[in-house]
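Trainee: Just dropping this structure here.
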Amino acid sequence: MAAIVLDRVSRRYQKYASRHRFQTFKSAVVKGDLFGSLKAEEMVAAVDDVSLSIEKGTTLGLIGSNGSGKSTLLKLIAGIAKPTSGTVSVEGKISALIELGAGFHPEISGRENVFINGIMLGLSKKEIAAKFDEIVRFAGLVEFIDAPVKTYSSGMFMRLGFSIAINVNPDVLLVDEVLAVGDAAFIPKCLDRIDDFRRRKKTILFVSHDLGMVAKICDQVAWMKDGRLRLLGDPQEVVDAYLQDVAEKQESDYRAGRDEPAETGAATDEAPAPGGDDGRRARRWGKREIEIRKVVLRGLDGAEKHVFSPEEGMLIELDVAAKEPQKDFVFGIGVFNSLGTLCYGTNTDLEEHEPEAIEGGGKVVCRIDRLGLVNGTYYLDVAAHKRDGYPFDYHRSMHTFLVSSLYKDEGIIRFPHKWEFGPHIRIKPVGL
Amino acid sequence: MARLIPNLRRLFKYRVLIQSLVGRDLKARYRGSVLGFVWSFLNPLLLMLVYTVVFALILKPRDALFDNPLMYSIYLFSGLLPWSWFLSSTLESAGVLMANGNLIKKILFPAEVLPVVTVTANLVNFLFGLPVLFLLIFLFGGKLTVFVLFLPLVIVIQYIFCLGFALLISALTVHFRDIRDILNNLMTLWFFSTPVIYSMQLAPIQNSRTLRTILSLNPMTHIIEGYHSALYYNGLIHWKRLGVTFLVALAVFWIGYSVFDRLRDSFPEEV
């Protein structure tokens, strides 16, 4: 049975222009048609003709770049926003974790805020009283619950908000990117709760930019692009297609940047200052005497992809071209995780390849037989440079891939390993 | 009209929320101040003092009302208290949707709860002030008579009127922020167009047909006069005028609610 059904749902917003606004007010008064005139001519569709049916008990991930309409879609389902056209129907009680602690009043105590927030989310006073201790314990705020909320840290605030929302015990849970702010101890607790919901066959809609988490915990993933539902289906496939699209977009952005050297050339030709605060933001620099025209990630079978399992291999294929023949050149790769830690880096020089000559274009392939990384999003640096470090073309973090594992093992690399047990220890893997 | 009834029914379902939000508002309002909720009647009391000094002691207009400063204080206070209820609910409701924009954008609940809470919290504040008013009447040699029993009726009429006005103002201010600025001045003008600091019996008013018409068209005139009847004149309230005012209050409420309902869907993106 479907828990959420969206039928050709669109939500359009008007483009904001205050001068135009003022004129409409004036004309509204003159014409005596206050409401009619409030309709603007220029509209932007945040959600455009989306039809979607989500079965009861499904955990659906919603991915897409910023501004693709994910949050608007969530608000439409929650009933906070009304569709401009189309219908939304939801079976059962909804709890929307769109913003945690929305509606907390800073001047009054955590205790009073729990009651008021709970009532807003649809609980009765009695229900809140029954769950109160559990809410406070889960948030880890037992000592602070009678202090005014304005004295809370943002983490405490968020934890209390999450704890109330999760205790509403809804049939449909909408989660919008709220886990991004929790600390290392709280996020696993939240994920446990969400797991618990899944076991109890509740419907969950999960918006996140953490593709690793989405691929791991969702049964289905929907990818939104420019307000439209681009793809819906198996998490791996959809995440893969999304990353592919992002990679293509980045590619074309940089290509566009290359065509206008006046605007971006100066900035991109300089290497960033060491220790600069731009962190690991995607950048590209170098004069491109040897240019890396294209970077493609493939599985060992040669198919282009962006989502890998830790046991899979990967081909990093660089399409390079030299403007003039060069005798001193090195190709290198570096893989960074989302914290910016270098997981592995190497180049042809470190591995004692002696450059002789490059003329024209060709392919450079780095073949990795087994990736062996843990779950997560990874960023790839690729570069062509001289042996003394002079960059020809350096791509920093411009390429992304995802490792999605069945297991929640931690760290950076996944060693090739096996567990062995003595005859008196009976333990066996659960079939997954 | 068709949507008014289900809307009101839904609002009734949210009474627990309204109740707790009113409680929160009242608690939060004076938290951190030394005198706390004493301020809710100290404010009109101080205002009363100022007007008494200016009108009964300094200006001394030639009117029986101002002859006895103590009696004038009672007259003043019995009008100022309900007026400050009206004033603060109107001014606060102008900003209430924007101030709680976070709620409207992120949580599903009927937005009219917010202006209702504003008016109700101010009503409670007003009710807290009543015992002080009774005490003053007693101290200054006034009388509390059976006519005090009409007070609840006047309060209900004012509540409906304030609600309607608050709904209208809160919804319109979302779209036209200018209202908030003009409202302050408008309310001052309205205050002086209502017999709070002066009496309807004042000679210039009695002698001018225009002034009397203008004052009679102001619903707040009859509401404030209702308080005066019950607390100062100790007479029967003016049934006909107050009855018409009740109908006007219902009409204002209906208009306010309709406008609010009409604009409701635009709140999440505009606040």
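Lettering and numbering for the structure tokens are positional, with chains as A, B, ... in the shown order, residues counted from 1 in each chain, and ligands counted from 1 in the shown order.
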Per residue of chain B within 8 Å of chain A, note the shortest atom pair and the distance in Å to one decimal, counting only C-alpha atoms, and order the rows by chain and increasing residue number, as CSV.

Mentor:
```
residue,atom,partner,partner_atom,distance
B:Val16,CA,A:Ile119,CA,7.6
B:Leu17,CA,A:Ile119,CA,6.0
B:Ser20,CA,A:Ile116,CA,6.3
B:Leu21,CA,A:Ile116,CA,7.1
B:Arg24,CA,A:Ile108,CA,7.3
B:Lys27,CA,A:Ile108,CA,7.4
B:Ala28,CA,A:Glu107,CA,5.6
B:Arg31,CA,A:Glu107,CA,7.0
B:Asn100,CA,A:Gly103,CA,7.4
B:Asn102,CA,A:Ala102,CA,6.1
B:Leu103,CA,A:Gly103,CA,5.5
B:Ile104,CA,A:Ile80,CA,7.6
B:Lys105,CA,A:Ile80,CA,6.7
B:Lys106,CA,A:Ile98,CA,6.0
B:Ile107,CA,A:Ile80,CA,6.6
B:Leu108,CA,A:Ile80,CA,5.2
B:Phe109,CA,A:Met120,CA,7.0
B:Asp265,CA,A:Lys82,CA,6.7
B:Pro268,CA,A:Ala81,CA,6.9
```

Trainee: For the selection just defined, write its residues with C-alpha atoms to a file, as a PDB file, in the first residue's frame.

Mentor:
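The new file out23.pdb reads:
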```pdb
ATOM      1  CA  VAL B  16      -4.139  23.205  23.940  1.00  0.00           C
ATOM      2  CA  LEU B  17      -1.417  24.696  21.777  1.00  0.00           C
ATOM      3  CA  SER B  20       0.464  26.688  26.150  1.00  0.00           C
ATOM      4  CA  LEU B  21       1.651  29.411  23.799  1.00  0.00           C
ATOM      5  CA  ARG B  24       4.742  30.787  27.259  1.00  0.00           C
ATOM      6  CA  LYS B  27       6.125  33.785  31.126  1.00  0.00           C
ATOM      7  CA  ALA B  28       8.638  34.925  28.549  1.00  0.00           C
ATOM      8  CA  ARG B  31      11.390  36.965  32.339  1.00  0.00           C
ATOM      9  CA  ASN B 100       7.483  33.323  14.106  1.00  0.00           C
ATOM     10  CA  ASN B 102      10.471  29.864  11.456  1.00  0.00           C
ATOM     11  CA  LEU B 103       7.387  28.077  12.723  1.00  0.00           C
ATOM     12  CA  ILE B 104       5.294  28.843   9.692  1.00  0.00           C
ATOM     13  CA  LYS B 105       8.008  27.644   7.372  1.00  0.00           C
ATOM     14  CA  LYS B 106       9.014  24.545   9.239  1.00  0.00           C
ATOM     15  CA  ILE B 107       6.074  23.200  11.188  1.00  0.00           C
ATOM     16  CA  LEU B 108       2.588  22.344  10.051  1.00  0.00           C
ATOM     17  CA  PHE B 109       0.020  24.201  12.085  1.00  0.00           C
ATOM     18  CA  ASP B 265      -0.825  29.944   1.566  1.00  0.00           C
ATOM     19  CA  PRO B 268       5.536  30.309   4.233  1.00  0.00           C
TER      20      PRO B 268
END
```

Trainee: Can you list, as a list in words, every protein, DNA or RNA residue that comes within 8 Å of stretch 42-47 of chain B when you count only C-alpha atoms, leaving out same-chain residues fewer than 3 positions away?

Mentor: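 Counting only the stated atoms, we get Val38, Trp39, Val50, Tyr51, Phe77, Leu80, Leu81 and Ser84 of chain B.
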
Trainee: Please provide as a ChimeraX atom specification all residues within 8 Å of B:Leu114, with the sequence filter that same-chain residues fewer than 2 positions apart are discarded (counting only C-alpha atoms).

Mentor: /B:93,96-97,111-112,116-118

Trainee: Which residues, written as a VMD selection string, have at least one atom at most 12 Å from stretch 197-212 of chain B, with only C-alpha atoms counted and residues fewer than 5 positions away on the same chain left out?

Mentor: chain B and resid 47 to 56 60 to 66 72 to 81 83 191 to 192 217 to 218 221 to 222 224 to 225 228 to 229 232 to 233

Trainee: Among stretch 33-199 of chain B, which ones does DSSP place in alpha helix (DSSP H), written as a ChimeraX atom specification?

Mentor: /B:39-51,69-99,101-106,113-139,151-175,178-192

Trainee: Neighbouring residues of A:Leu380 were defined as those with any atom within 7 Å, considering only C-alpha atoms; residues of the same chain fewer than 2 positions away were excluded. Please report them as an NGL selection string.

Mentor: :A and (334-336 or 378 or 382 or 396-400)

Trainee: Fewer than 4 positions away in the same chain doesn't count, so skip those; otherwise give me all residues within 9 Å of A:Leu315, counting only C-alpha atoms, as a PyMOL selection string.

Mentor: chain A and resi 296-300+302+365-369

Trainee: Quick one, how far is atom CA of A:Arg414 from atom CA of A:Leu402?

Mentor: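 Between these atoms lies a distance of 14.3 Å.
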
Trainee: Choose the residue, out of B:Ile155, B:Ile179, B:Leu11, B:Ala94, that has the smallest atom-to-atom separation from B:Leu127; count only C-alpha atoms.

Mentor: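 For B:Leu127, the nearest of the given residues is B:Ile155.
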